[in-house]
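Worksheet for the structure shown next.
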Number of protein chains: 2
Amino acid sequence: MGANKGKEFTVRFEPEGAALNVPEGTTVLEACRLAEIPLDAVCGGEGKCGRCKVILKGRHTVSPTPLVSADEAAAGVVLACTTVIEGDATIEVLPRARIGRHQILTKAVDEIPKPVSPWVRKEYLELPPPSLSDNLADLERLMRGLKRKMFCMPLETLSMLPHVMRAGSWKVTSTVSELEQINEISRVEPGDTTDRLLGMAVDVGTTTVVVALVDLMTGETIATASDYNRQTSRGEDVIARMMYSEDKGVTELKLLVRETINMLVSRMTGGAAKQTGRQVSKEDIVAASVAGNTVMTHFLVGLDTRNIRLEPYVPAAYHMPCLKAQEVGFEIDPAARVLLFPSRAGYVGGDVVADVLASGLHRDKGPALLIDVGTNGEIVLGGKDWLASCSCSAGPAFEGGEVSSGMRAMEGAIDKIRINEDFSTSYHVIGEVDPAGICGSGLIDLIAEMYSRGVIDRKARIQDVANDRVRQSDSGMEYIVERRAKMGPYATRDLTVTDADLQNLVRTKAAVYGACSVLLRKTGETFENLQKIFVAGGFGYHLDIGRAIAIGMFPDLPMEKYSFIGNGSLGGARLALISAKRRREVNEIFSKMTYLELSVDDEFYDEFSSAMFIPHTDLDRFPTALNMAGGRNKS
Amino acid sequence: MGANKGKEFTVRFEPEGAALNVPEGTTVLEACRLAEIPLDAVCGGEGKCGRCKVILKGRHTVSPTPLVSADEAAAGVVLACTTVIEGDATIEVLPRARIGRHQILTKAVDEIPKPVSPWVRKEYLELPPPSLSDNLADLERLMRGLKRKMFCMPLETLSMLPHVMRAGSWKVTSTVSELEQINEISRVEPGDTTDRLLGMAVDVGTTTVVVALVDLMTGETIATASDYNRQTSRGEDVIARMMYSEDKGVTELKLLVRETINMLVSRMTGGAAKQTGRQVSKEDIVAASVAGNTVMTHFLVGLDTRNIRLEPYVPAAYHMPCLKAQEVGFEIDPAARVLLFPSRAGYVGGDVVADVLASGLHRDKGPALLIDVGTNGEIVLGGKDWLASCSCSAGPAFEGGEVSSGMRAMEGAIDKIRINEDFSTSYHVIGEVDPAGICGSGLIDLIAEMYSRGVIDRKARIQDVANDRVRQSDSGMEYIVERRAKMGPYATRDLTVTDADLQNLVRTKAAVYGACSVLLRKTGETFENLQKIFVAGGFGYHLDIGRAIAIGMFPDLPMEKYSFIGNGSLGGARLALISAKRRREVNEIFSKMTYLELSVDDEFYDEFSSAMFIPHTDLDRFPTALNMAGGRNKS
């Protein structure tokens with residue numbers, strides 16, 4: 001295949017109309033990446049997830065796959081990742097495969113605490129040139145100018161120092177890092193470069209990775225970029241990935257997540273340069289702040305996770321040593337110090353500490369509750385005097401996993417839905433295109449609606465409502481959310497929700513509510529006493545809190561007590577990057593926060609079981625939900 | 001040549017009788033190194049210095065060289081470095097080529113300051129294993145055991161931590177480094193390894209390198225090893241080497257000195273293991289303390305020296321950042337911290353700071369004088385309240401350079417000599433073998449004797465004394481120290497000293513005395529007021545102080561004020577390794593010590609010119625010397 005070097009084909013993208021030349025042997029996925037059209041390839045382009053579907057016109061070679069149906073194949077549908085372009089071609093990316101703007105939550109609290117106080121600053125000095133009467137060594141001349149005695153300097157920086165000082169005619173800019181025990185002149189540049197001081201905040205999620213480029217002088221976020229974590233091809237959740245690493249070693253997963261971050265850094269700086277018109281160099285990023293769950297943090301650094309997976313769930317470290325960018329393989333200034341948010345336990349990671357920081361929960365008296373529902377659910381309770389945390393295996397049901405028609409909150413996803421009296425549906429699709437699936441907020445709506453219309457009972461079992469929207473399938477009862485005929489030209493089947501889907505969804509919501517209940521009970525608190533509930537994570541701003549209460553996932557409290565903090569992990573990482581006060585709070589949160597292990601807790605098991613009903617076994621806990629459901633039933 | 005792999009020859013060494021097999025293509029020098037018979041190959045084995053002469057019997061290939069005379073060749077003499085063994089052979093190393101015990105000064109002040117307080121210590125802990133009720137992360141479990149909060153840990157150590165803690169069944173030994181700003185758990189080992197805590201002191205000289213293996217628990221020196229600095233092949237003195245590095249880059253010189261040190265570490269640990277019978281692993285060396293002149297320190301770290309060579313003589317740095325062994329390429333524990341003695345100026349280096357530390361000059365009221373005569377001469381004057389330093393280009397005359405019959409203080413060197421009334425000589429040869437040349441102390445004796453016998457005048461010009469020991473040669477007058485006939489079977493010519501040799505020697509002694517005079521005058525001190533004079537460096541214990549005074553090299557003061565500190569550079573490095581108090585003194589010495597630039601000093605030029613006589617223009621300065629010379633003249 002690689003023999004005919006130099007042969008190129010022209011590929012045109014529809015509807016963009018963009019065209020580019022690619023060498024023979026290029027896959028469709030690679031061509032899309034070259035054209036900067038991000039595709040959904042959650043498996044990392046290994047032909048496993050079946051999400052990167054496109055319609056391809058032109059000569060190609062394709063690997064047979066059960067993920068493309070005969071109907072689809074007839075329409076020219078192929079998997080982008082395993083299809084090789086063999087001639088001039090036209091590519092049309094199917095809506096569900098396209099990564100839309102909404103796909104990954106990059107929005108976070110945008111507070112800029114004053115004064116902006118990053119741990120890195122630049123200092124411009126015009127030094128007197130050496131003479132026989134003042135022939136101090138270069139380093140000591142610089143230190144005298146900086147009025148410093150203690151110092152560290154990377155050897156690479158020192159090696160260049162004599163050249164840099166003379167190249168700048170003794171006018172130089174020093175980059176000074178002061179983070180924890182580190183007190184370092186990380187870089188010296190000729191001339192005045194104090195107008196360029198960039199940092200990056202990173203949210204390393206199990207499924208998605210988000211980076212934000214931050215101007216460390218103003219605290220403003222200049223650009224963001226996000227994509228799937230390339231590790232996803234080695235397992236969908238942290239357990240699968242830990243098992244993979246135990247089998248194959250941690251190196252591969254380490255490199256995959258680093259690759260993901262570096263790809264995003266390139267995309268982000270490229271985007272920022274285009275947008276601002278000024279040069280944005282990766283090497284000008286002199287600080288990085290990273291929040292991720294415990295397992296992701298271990299993989300990023302390259303640590304064994306075996307003992308996190310096995311009882312008694314022991315990480316290698318909560319606090320990572322203060323590493324340099326080159327040590328974690330970040331392609332930014334190699335001497336940039338990387339602040340990794342400390343984890344509190346095997347399943348309450350730096351991302352949760354960052355959530356708390358972003359929410360400000362730890363600064364008020366409270367008590368307040370923070371709920372982060374991702375692949376895992378994490379709950380934090382408390383206030384400025386104390387903090388307690390726990391985690392529950394919520395599962396990926398609300399992220400599009402374990403649910404037949406589930407998908408992420410991206411173009412083509414139903415994010416809001418109502419069931420009409422005749423059991424037909426009205427819904428909203430992200431991007432106003434044909435529906436391709438249902439995302440988390442849509443699924444919560446759907447359960448609430450199905451329950452209030454009597455399509456499911458309190459145990460979330462589908463009822464025979466004597467309507468053709470409900471039917472028996474091979475695997476039990478199912479409800480038709482939308483018929484294939486109304487789903488556009490590429491749909492190959494009706495959009496349905498099954499008994500099995502509903503059990504997965506109810507298990508997730510029960511785990512979240514159960515964890516909240518146990519945490520309150522163990523700390524002697526009550527739902528009624530909660531001053532605030534912060535909602536973080538993947539749901540983000542799409543979620544209808546009322547419906548989440550109606551199905552018994554969130555406690556039945558006044559709506560005004562709820563607030564969304566968006567991507568708290570990214571938000572917290574950003575705050576630590578630009579505020580010395582917030583950095584100190586990171587350690588305060590860590591020190592204050594106790595951890596409750598639910599996996600062996602009988603109380604949790606009881607609470608979980610009670611919450612496996614809609615809204616709950618104990619109906620008194622959900623008065624509002626009952627009123628809502630009742631009201632709708634009556635109308 | 002490399003085609004016949006596997007072919008081996010047996011080589012026998014005389015007079016040792018040792019034999020070993022070497023592969024075809026092995027040079028004689030390599031064979032000697034394999035047999036642990038160190039040869040004098042100051043040029044680094046490049047066929048340039050002509051010192052590694054051996055008598056080889058057996059088939060060999062040899063490169064033609066003017067360094068071996070026809071007579072020598074007839075006797076089977078070859079250069080070991082450029083001769084390849086091509087069959088079974090017998091090798092007899094010529095006396096002058098053999099590196100004897102006396103060659104490099106490894107002896108240093110052997111004070112062990114109490115308490116022994118290295119910057120590295122080991123702590124053995126039996127930790128409770130984790131359980132569900134105590135599932136702290138591995139690192140934090142260790143920190144709790146160590147009762148520490150702040151920490152740094154190399155990523156490599158952290159990566160191994162989960163394995164090490166479990167392999168040791170939660171019984172582990174931590175190596176903790178606390179040096180300057182560094183506060184680090186550098187290593188964790190399973191089980192109790194507190195009985196192994198080694199450090200190394202290194203003296204990196206321009207010509208020779210010495211390492212000492214130190215038990216950090218007792219402070220005792222276990223073993224030493226020394227050899228030529230392999231950089232010597234790239235230039236004999238620092239100026240030549242700086243010019244070489246400007247031309248070819250610093251990397252080669254960096255690697256050569258590191259190679260030298262690593263070779264010595266191997267030899268030293270191997271020797272220590274043999275001697276003590278216990279295993280001595282290079283990886284158990286967890287701390288290194290290094291003293292060298294400014295240029296050597298720059299090369300070791302890999303820094304550009306161009307600006308040291310050129311006016312106004314500016315080093316890249318006085319203080320090197322606290323580096324790890326792996327950063328300076330030392331093959332010991334990669335995480336071992338390396339303390340590099342700070343330099344005070346381009347030509348007053350860390351070796352001089354180490355000299356002062358070893359002498360203790362900075363602890364007494366003083367004033368005292370420290371004189372270190374190596375390839376460069378360095379002088380320090382002062383006491384606990386102030387210190388002043390300067391350097392003078394003494395030249396290598398007393399080290400065997402620039403003098404036709406000069407050689408280092410090693411086997412075959414005349415180290416003491418008297419001229420009899422008939423102008424014949426009586427002398428002592430190191431190792432009691434045939435004489436091969438004259439070392440520094442012998443040369444000082446010789447000048448004093450020649451002067452007192454009237455063979456030279458006050459300007460050190462050879463006089464026609466009407467004796468066949470003095471004759472006219474092509475290059476001026478020369479005095480025959482010993483006749484070829486009395487010098488054993490390998491001598492090819494008479495041992496002589498020429499007018500040119502004497503001028504070089506007098507220039508050196510004048511530079512040393514002149515520098516002492518200027519330093520005293522500039523600080524308002526006098527020779528008479530000096531409480532002590534410390535003599536450091538290559539001369540060491542061989543030197544006859546009386547003769548050094550007689551020729552006007554050292555000030556004419558009572559002998560009891562003089563003391564030898566031996567290899568002060570090694571001694572100081574050793575003290576810093578084992579004593580926290582002495583480590584603090586390193587920085588005190590650095591901060592206190594001013595530097596006087598003599599290269600542009602008119603006063604120095606005057607003093608130097610006045611000292612170009614024997615003993616001096618101003619005879620009043622050397623009353624004792626005159627009496628001695630007079631006394632001898634009369635006898």
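In the structure tokens, the first chain shown is A, the next is B, and so on; residue numbers restart at 1 for each chain, and ligands run from 1 in the order shown.
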
- Message: At a cut-off of 6 Å, which residues of chain B touch chain A? Count only C-alpha atoms and give the answer as a ChimeraX atom specification.
- Response: /B:131-132,135,137-139,152,159,162,303,312,314-317,321

Requested write-out: all heavy atoms of the selected residues, as an mmCIF file, in the first residue's frame:
data_model
loop_
_atom_site.group_PDB
_atom_site.id
_atom_site.type_symbol
_atom_site.label_atom_id
_atom_site.label_comp_id
_atom_site.auth_asym_id
_atom_site.auth_seq_id
_atom_site.Cartn_x
_atom_site.Cartn_y
_atom_site.Cartn_z
ATOM 1 N N SER B 131 -5.758 -1.044 54.940
ATOM 2 C CA SER B 131 -7.005 -1.796 55.091
ATOM 3 C C SER B 131 -8.125 -0.870 54.650
ATOM 4 O O SER B 131 -7.875 0.308 54.390
ATOM 5 C CB SER B 131 -7.195 -2.174 56.554
ATOM 6 O OG SER B 131 -7.364 -0.986 57.310
ATOM 7 N N LEU B 132 -9.329 -1.372 54.600
ATOM 8 C CA LEU B 132 -10.443 -0.509 54.162
ATOM 9 C C LEU B 132 -10.628 0.663 55.116
ATOM 10 O O LEU B 132 -11.047 1.739 54.711
ATOM 11 C CB LEU B 132 -11.735 -1.312 54.049
ATOM 12 C CG LEU B 132 -11.934 -1.986 52.689
ATOM 13 C CD1 LEU B 132 -13.171 -2.864 52.702
ATOM 14 C CD2 LEU B 132 -12.057 -0.928 51.590
ATOM 15 N N ASN B 135 -7.032 3.265 54.189
ATOM 16 C CA ASN B 135 -6.550 3.023 52.821
ATOM 17 C C ASN B 135 -5.903 4.257 52.203
ATOM 18 O O ASN B 135 -6.139 4.618 51.063
ATOM 19 C CB ASN B 135 -7.653 2.441 51.923
ATOM 20 C CG ASN B 135 -8.840 3.365 51.775
ATOM 21 O OD1 ASN B 135 -8.875 4.451 52.351
ATOM 22 N ND2 ASN B 135 -9.813 2.952 50.990
ATOM 23 N N ALA B 137 -3.125 6.494 50.450
ATOM 24 C CA ALA B 137 -2.271 6.200 49.293
ATOM 25 C C ALA B 137 -0.868 5.832 49.783
ATOM 26 O O ALA B 137 -0.453 6.215 50.870
ATOM 27 C CB ALA B 137 -2.204 7.405 48.362
ATOM 28 N N ASP B 138 -0.152 5.084 48.964
ATOM 29 C CA ASP B 138 1.189 4.602 49.342
ATOM 30 C C ASP B 138 2.110 5.741 49.756
ATOM 31 O O ASP B 138 2.772 5.685 50.793
ATOM 32 C CB ASP B 138 1.820 3.848 48.170
ATOM 33 C CG ASP B 138 1.062 2.567 47.845
ATOM 34 O OD1 ASP B 138 0.353 2.062 48.742
ATOM 35 O OD2 ASP B 138 1.172 2.086 46.703
ATOM 36 N N LEU B 139 2.166 6.782 48.934
ATOM 37 C CA LEU B 139 3.074 7.891 49.223
ATOM 38 C C LEU B 139 2.713 8.553 50.546
ATOM 39 O O LEU B 139 3.577 8.830 51.372
ATOM 40 C CB LEU B 139 3.006 8.930 48.091
ATOM 41 C CG LEU B 139 3.841 10.184 48.287
ATOM 42 C CD1 LEU B 139 5.323 9.850 48.342
ATOM 43 C CD2 LEU B 139 3.585 11.181 47.159
ATOM 44 N N CYS B 152 9.584 16.084 48.028
ATOM 45 C CA CYS B 152 9.731 15.935 46.597
ATOM 46 C C CYS B 152 10.113 14.481 46.415
ATOM 47 O O CYS B 152 10.687 13.870 47.319
ATOM 48 C CB CYS B 152 10.852 16.815 46.053
ATOM 49 S SG CYS B 152 10.247 18.161 45.049
ATOM 50 N N SER B 159 7.205 5.925 40.812
ATOM 51 C CA SER B 159 6.689 4.860 39.941
ATOM 52 C C SER B 159 6.910 3.482 40.553
ATOM 53 O O SER B 159 6.103 2.588 40.384
ATOM 54 C CB SER B 159 7.390 4.891 38.581
ATOM 55 O OG SER B 159 7.134 6.095 37.929
ATOM 56 N N PRO B 162 4.693 1.713 44.727
ATOM 57 C CA PRO B 162 3.699 0.680 45.071
ATOM 58 C C PRO B 162 4.324 -0.718 45.092
ATOM 59 O O PRO B 162 4.037 -1.524 45.984
ATOM 60 C CB PRO B 162 2.665 0.803 43.952
ATOM 61 C CG PRO B 162 2.808 2.203 43.436
ATOM 62 C CD PRO B 162 4.267 2.524 43.565
ATOM 63 N N LEU B 303 28.825 23.628 30.423
ATOM 64 C CA LEU B 303 28.602 25.050 30.169
ATOM 65 C C LEU B 303 29.714 25.643 29.308
ATOM 66 O O LEU B 303 30.875 25.253 29.410
ATOM 67 C CB LEU B 303 28.551 25.820 31.500
ATOM 68 C CG LEU B 303 27.450 25.397 32.473
ATOM 69 C CD1 LEU B 303 27.521 26.245 33.730
ATOM 70 C CD2 LEU B 303 26.080 25.508 31.825
ATOM 71 N N PRO B 312 36.076 40.361 30.048
ATOM 72 C CA PRO B 312 36.510 40.453 31.459
ATOM 73 C C PRO B 312 36.353 39.160 32.259
ATOM 74 O O PRO B 312 36.096 39.237 33.447
ATOM 75 C CB PRO B 312 35.621 41.567 32.006
ATOM 76 C CG PRO B 312 34.341 41.438 31.234
ATOM 77 C CD PRO B 312 34.705 40.874 29.882
ATOM 78 N N VAL B 314 34.307 36.200 32.500
ATOM 79 C CA VAL B 314 33.018 36.002 33.189
ATOM 80 C C VAL B 314 32.555 34.550 33.061
ATOM 81 O O VAL B 314 32.251 34.082 31.968
ATOM 82 C CB VAL B 314 31.951 36.945 32.585
ATOM 83 C CG1 VAL B 314 30.602 36.706 33.228
ATOM 84 C CG2 VAL B 314 32.371 38.398 32.753
ATOM 85 N N PRO B 315 32.483 33.829 34.167
ATOM 86 C CA PRO B 315 31.925 32.463 34.113
ATOM 87 C C PRO B 315 30.414 32.512 33.851
ATOM 88 O O PRO B 315 29.790 33.570 34.005
ATOM 89 C CB PRO B 315 32.181 31.908 35.514
ATOM 90 C CG PRO B 315 33.143 32.852 36.166
ATOM 91 C CD PRO B 315 32.930 34.179 35.524
ATOM 92 N N ALA B 316 29.844 31.386 33.443
ATOM 93 C CA ALA B 316 28.384 31.307 33.312
ATOM 94 C C ALA B 316 27.738 31.377 34.687
ATOM 95 O O ALA B 316 26.696 31.992 34.861
ATOM 96 C CB ALA B 316 27.985 30.013 32.606
ATOM 97 N N ALA B 317 28.361 30.735 35.670
ATOM 98 C CA ALA B 317 27.787 30.721 37.017
ATOM 99 C C ALA B 317 28.876 30.427 38.034
ATOM 100 O O ALA B 317 29.817 29.695 37.738
ATOM 101 C CB ALA B 317 26.694 29.657 37.112
ATOM 102 N N PRO B 321 23.335 25.044 40.006
ATOM 103 C CA PRO B 321 22.110 24.563 40.648
ATOM 104 C C PRO B 321 22.366 23.168 41.217
ATOM 105 O O PRO B 321 23.296 22.478 40.782
ATOM 106 C CB PRO B 321 21.107 24.481 39.493
ATOM 107 C CG PRO B 321 21.745 25.085 38.306
ATOM 108 C CD PRO B 321 23.216 25.183 38.567
#

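Residues surrounding Leu213 in chain B within 7 Å are Leu198, Gly199, Met200, Ala201, Val211, Asp215, Thr221, Ile222, Ala223 and Thr224 of chain B [only C-alpha atoms; sequence separation below 2 positions excluded].
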
Write out the residues from the selection above, keeping N, CA, C and O atoms, as a PDB file, in the first residue's frame.
ATOM      1  N   LEU B 198      26.535   5.420  51.260  1.00  0.00           N
ATOM      2  CA  LEU B 198      27.836   5.831  50.740  1.00  0.00           C
ATOM      3  C   LEU B 198      27.744   7.166  50.008  1.00  0.00           C
ATOM      4  O   LEU B 198      26.712   7.505  49.431  1.00  0.00           O
ATOM      5  N   GLY B 199      28.843   7.893  50.064  1.00  0.00           N
ATOM      6  CA  GLY B 199      28.935   9.114  49.292  1.00  0.00           C
ATOM      7  C   GLY B 199      30.279   9.141  48.585  1.00  0.00           C
ATOM      8  O   GLY B 199      31.158   8.324  48.878  1.00  0.00           O
ATOM      9  N   MET B 200      30.425  10.061  47.646  1.00  0.00           N
ATOM     10  CA  MET B 200      31.750  10.182  47.052  1.00  0.00           C
ATOM     11  C   MET B 200      32.183  11.630  46.965  1.00  0.00           C
ATOM     12  O   MET B 200      31.385  12.520  46.719  1.00  0.00           O
ATOM     13  N   ALA B 201      33.469  11.839  47.239  1.00  0.00           N
ATOM     14  CA  ALA B 201      34.071  13.157  47.092  1.00  0.00           C
ATOM     15  C   ALA B 201      34.917  13.104  45.827  1.00  0.00           C
ATOM     16  O   ALA B 201      35.569  12.103  45.563  1.00  0.00           O
ATOM     17  N   VAL B 211      38.876  10.402  43.145  1.00  0.00           N
ATOM     18  CA  VAL B 211      37.600  10.166  43.818  1.00  0.00           C
ATOM     19  C   VAL B 211      37.861   9.414  45.118  1.00  0.00           C
ATOM     20  O   VAL B 211      38.799   8.619  45.214  1.00  0.00           O
ATOM     21  N   ASP B 215      32.087   6.417  53.712  1.00  0.00           N
ATOM     22  CA  ASP B 215      30.983   5.835  54.460  1.00  0.00           C
ATOM     23  C   ASP B 215      30.282   6.980  55.180  1.00  0.00           C
ATOM     24  O   ASP B 215      30.862   7.605  56.077  1.00  0.00           O
ATOM     25  N   THR B 221      36.812   7.352  55.039  1.00  0.00           N
ATOM     26  CA  THR B 221      37.092   7.115  53.627  1.00  0.00           C
ATOM     27  C   THR B 221      37.435   5.641  53.445  1.00  0.00           C
ATOM     28  O   THR B 221      38.354   5.126  54.076  1.00  0.00           O
ATOM     29  N   ILE B 222      36.669   4.968  52.579  1.00  0.00           N
ATOM     30  CA  ILE B 222      36.828   3.514  52.401  1.00  0.00           C
ATOM     31  C   ILE B 222      37.838   3.205  51.308  1.00  0.00           C
ATOM     32  O   ILE B 222      38.588   2.243  51.396  1.00  0.00           O
ATOM     33  N   ALA B 223      37.823   4.010  50.266  1.00  0.00           N
ATOM     34  CA  ALA B 223      38.706   3.738  49.126  1.00  0.00           C
ATOM     35  C   ALA B 223      38.904   5.020  48.335  1.00  0.00           C
ATOM     36  O   ALA B 223      38.102   5.951  48.433  1.00  0.00           O
ATOM     37  N   THR B 224      39.982   5.061  47.583  1.00  0.00           N
ATOM     38  CA  THR B 224      40.185   6.182  46.665  1.00  0.00           C
ATOM     39  C   THR B 224      40.660   5.615  45.331  1.00  0.00           C
ATOM     40  O   THR B 224      41.112   4.475  45.249  1.00  0.00           O
TER      41      THR B 224
END

- Message: When DSSP is applied to the backbone of this structure, which of range 479-602 of chain A are assigned strand (DSSP E)? Write them out as an NGL selection string.
- Response: :A and (479-482 or 495-498 or 532-536 or 562-566 or 593-596)

Take the residues from that selection and put them in a file with N, CA and C atoms, as a PDB file, in the first residue's frame.
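As a result, result.pdb now contains:
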ATOM      1  N   TYR A 479     -40.489   1.081  24.115  1.00  0.00           N
ATOM      2  CA  TYR A 479     -41.320   2.232  23.778  1.00  0.00           C
ATOM      3  C   TYR A 479     -40.644   2.956  22.616  1.00  0.00           C
ATOM      4  N   ILE A 480     -41.454   3.291  21.588  1.00  0.00           N
ATOM      5  CA  ILE A 480     -40.898   3.942  20.404  1.00  0.00           C
ATOM      6  C   ILE A 480     -40.872   5.455  20.619  1.00  0.00           C
ATOM      7  N   VAL A 481     -39.679   6.003  20.731  1.00  0.00           N
ATOM      8  CA  VAL A 481     -39.531   7.440  20.933  1.00  0.00           C
ATOM      9  C   VAL A 481     -39.787   8.177  19.606  1.00  0.00           C
ATOM     10  N   GLU A 482     -39.246   7.646  18.541  1.00  0.00           N
ATOM     11  CA  GLU A 482     -39.514   8.202  17.215  1.00  0.00           C
ATOM     12  C   GLU A 482     -39.414   7.080  16.198  1.00  0.00           C
ATOM     13  N   LEU A 495     -36.239   4.707  16.865  1.00  0.00           N
ATOM     14  CA  LEU A 495     -35.534   5.118  18.091  1.00  0.00           C
ATOM     15  C   LEU A 495     -36.384   4.641  19.265  1.00  0.00           C
ATOM     16  N   THR A 496     -35.832   3.703  20.069  1.00  0.00           N
ATOM     17  CA  THR A 496     -36.649   3.101  21.135  1.00  0.00           C
ATOM     18  C   THR A 496     -35.920   3.143  22.470  1.00  0.00           C
ATOM     19  N   VAL A 497     -36.721   2.930  23.522  1.00  0.00           N
ATOM     20  CA  VAL A 497     -36.116   2.730  24.845  1.00  0.00           C
ATOM     21  C   VAL A 497     -36.702   1.429  25.390  1.00  0.00           C
ATOM     22  N   THR A 498     -35.833   0.571  25.942  1.00  0.00           N
ATOM     23  CA  THR A 498     -36.276  -0.770  26.342  1.00  0.00           C
ATOM     24  C   THR A 498     -36.303  -0.910  27.861  1.00  0.00           C
ATOM     25  N   LYS A 532     -27.392  24.810  49.510  1.00  0.00           N
ATOM     26  CA  LYS A 532     -27.153  24.860  48.070  1.00  0.00           C
ATOM     27  C   LYS A 532     -26.856  23.476  47.537  1.00  0.00           C
ATOM     28  N   ILE A 533     -27.213  23.251  46.285  1.00  0.00           N
ATOM     29  CA  ILE A 533     -26.786  22.024  45.602  1.00  0.00           C
ATOM     30  C   ILE A 533     -26.110  22.450  44.298  1.00  0.00           C
ATOM     31  N   PHE A 534     -24.836  22.073  44.158  1.00  0.00           N
ATOM     32  CA  PHE A 534     -24.081  22.370  42.932  1.00  0.00           C
ATOM     33  C   PHE A 534     -24.099  21.141  42.027  1.00  0.00           C
ATOM     34  N   VAL A 535     -24.409  21.374  40.772  1.00  0.00           N
ATOM     35  CA  VAL A 535     -24.420  20.272  39.807  1.00  0.00           C
ATOM     36  C   VAL A 535     -23.262  20.479  38.832  1.00  0.00           C
ATOM     37  N   ALA A 536     -22.378  19.497  38.797  1.00  0.00           N
ATOM     38  CA  ALA A 536     -21.209  19.595  37.919  1.00  0.00           C
ATOM     39  C   ALA A 536     -21.228  18.442  36.930  1.00  0.00           C
ATOM     40  N   TYR A 562     -30.493  25.100  43.629  1.00  0.00           N
ATOM     41  CA  TYR A 562     -29.626  24.407  42.659  1.00  0.00           C
ATOM     42  C   TYR A 562     -28.829  25.396  41.826  1.00  0.00           C
ATOM     43  N   SER A 563     -27.584  25.078  41.568  1.00  0.00           N
ATOM     44  CA  SER A 563     -26.893  25.827  40.521  1.00  0.00           C
ATOM     45  C   SER A 563     -25.903  24.943  39.783  1.00  0.00           C
ATOM     46  N   PHE A 564     -25.748  25.249  38.505  1.00  0.00           N
ATOM     47  CA  PHE A 564     -24.837  24.496  37.643  1.00  0.00           C
ATOM     48  C   PHE A 564     -23.458  25.126  37.716  1.00  0.00           C
ATOM     49  N   ILE A 565     -22.434  24.331  37.844  1.00  0.00           N
ATOM     50  CA  ILE A 565     -21.083  24.906  37.757  1.00  0.00           C
ATOM     51  C   ILE A 565     -20.378  24.486  36.471  1.00  0.00           C
ATOM     52  N   GLY A 566     -21.091  23.792  35.600  1.00  0.00           N
ATOM     53  CA  GLY A 566     -20.492  23.415  34.314  1.00  0.00           C
ATOM     54  C   GLY A 566     -19.347  22.444  34.508  1.00  0.00           C
ATOM     55  N   MET A 593     -11.212  17.407  53.598  1.00  0.00           N
ATOM     56  CA  MET A 593     -12.203  16.496  53.039  1.00  0.00           C
ATOM     57  C   MET A 593     -11.997  15.062  53.478  1.00  0.00           C
ATOM     58  N   THR A 594     -12.972  14.514  54.198  1.00  0.00           N
ATOM     59  CA  THR A 594     -12.909  13.097  54.543  1.00  0.00           C
ATOM     60  C   THR A 594     -13.551  12.291  53.419  1.00  0.00           C
ATOM     61  N   TYR A 595     -13.292  11.006  53.432  1.00  0.00           N
ATOM     62  CA  TYR A 595     -13.798  10.149  52.364  1.00  0.00           C
ATOM     63  C   TYR A 595     -14.546   8.979  52.972  1.00  0.00           C
ATOM     64  N   LEU A 596     -15.695   8.690  52.415  1.00  0.00           N
ATOM     65  CA  LEU A 596     -16.518   7.593  52.897  1.00  0.00           C
ATOM     66  C   LEU A 596     -16.542   6.501  51.840  1.00  0.00           C
TER      67      LEU A 596
END

- Message: Can you pull out the residues contacting Ala500 in chain B? Cut-off 8 Å, using only C-alpha atoms, and skip same-chain residues under 5 positions away; I want them as a PyMOL selection string.
- Response: chain B and resi 403+475-476

- Task: Might you pull out every residue within 6 Å of range 514-518 of chain B, with only C-alpha atoms counted and same-chain residues fewer than 6 positions away left off, and present them as number ranges by chain?
- Result: B: 604, 607-608
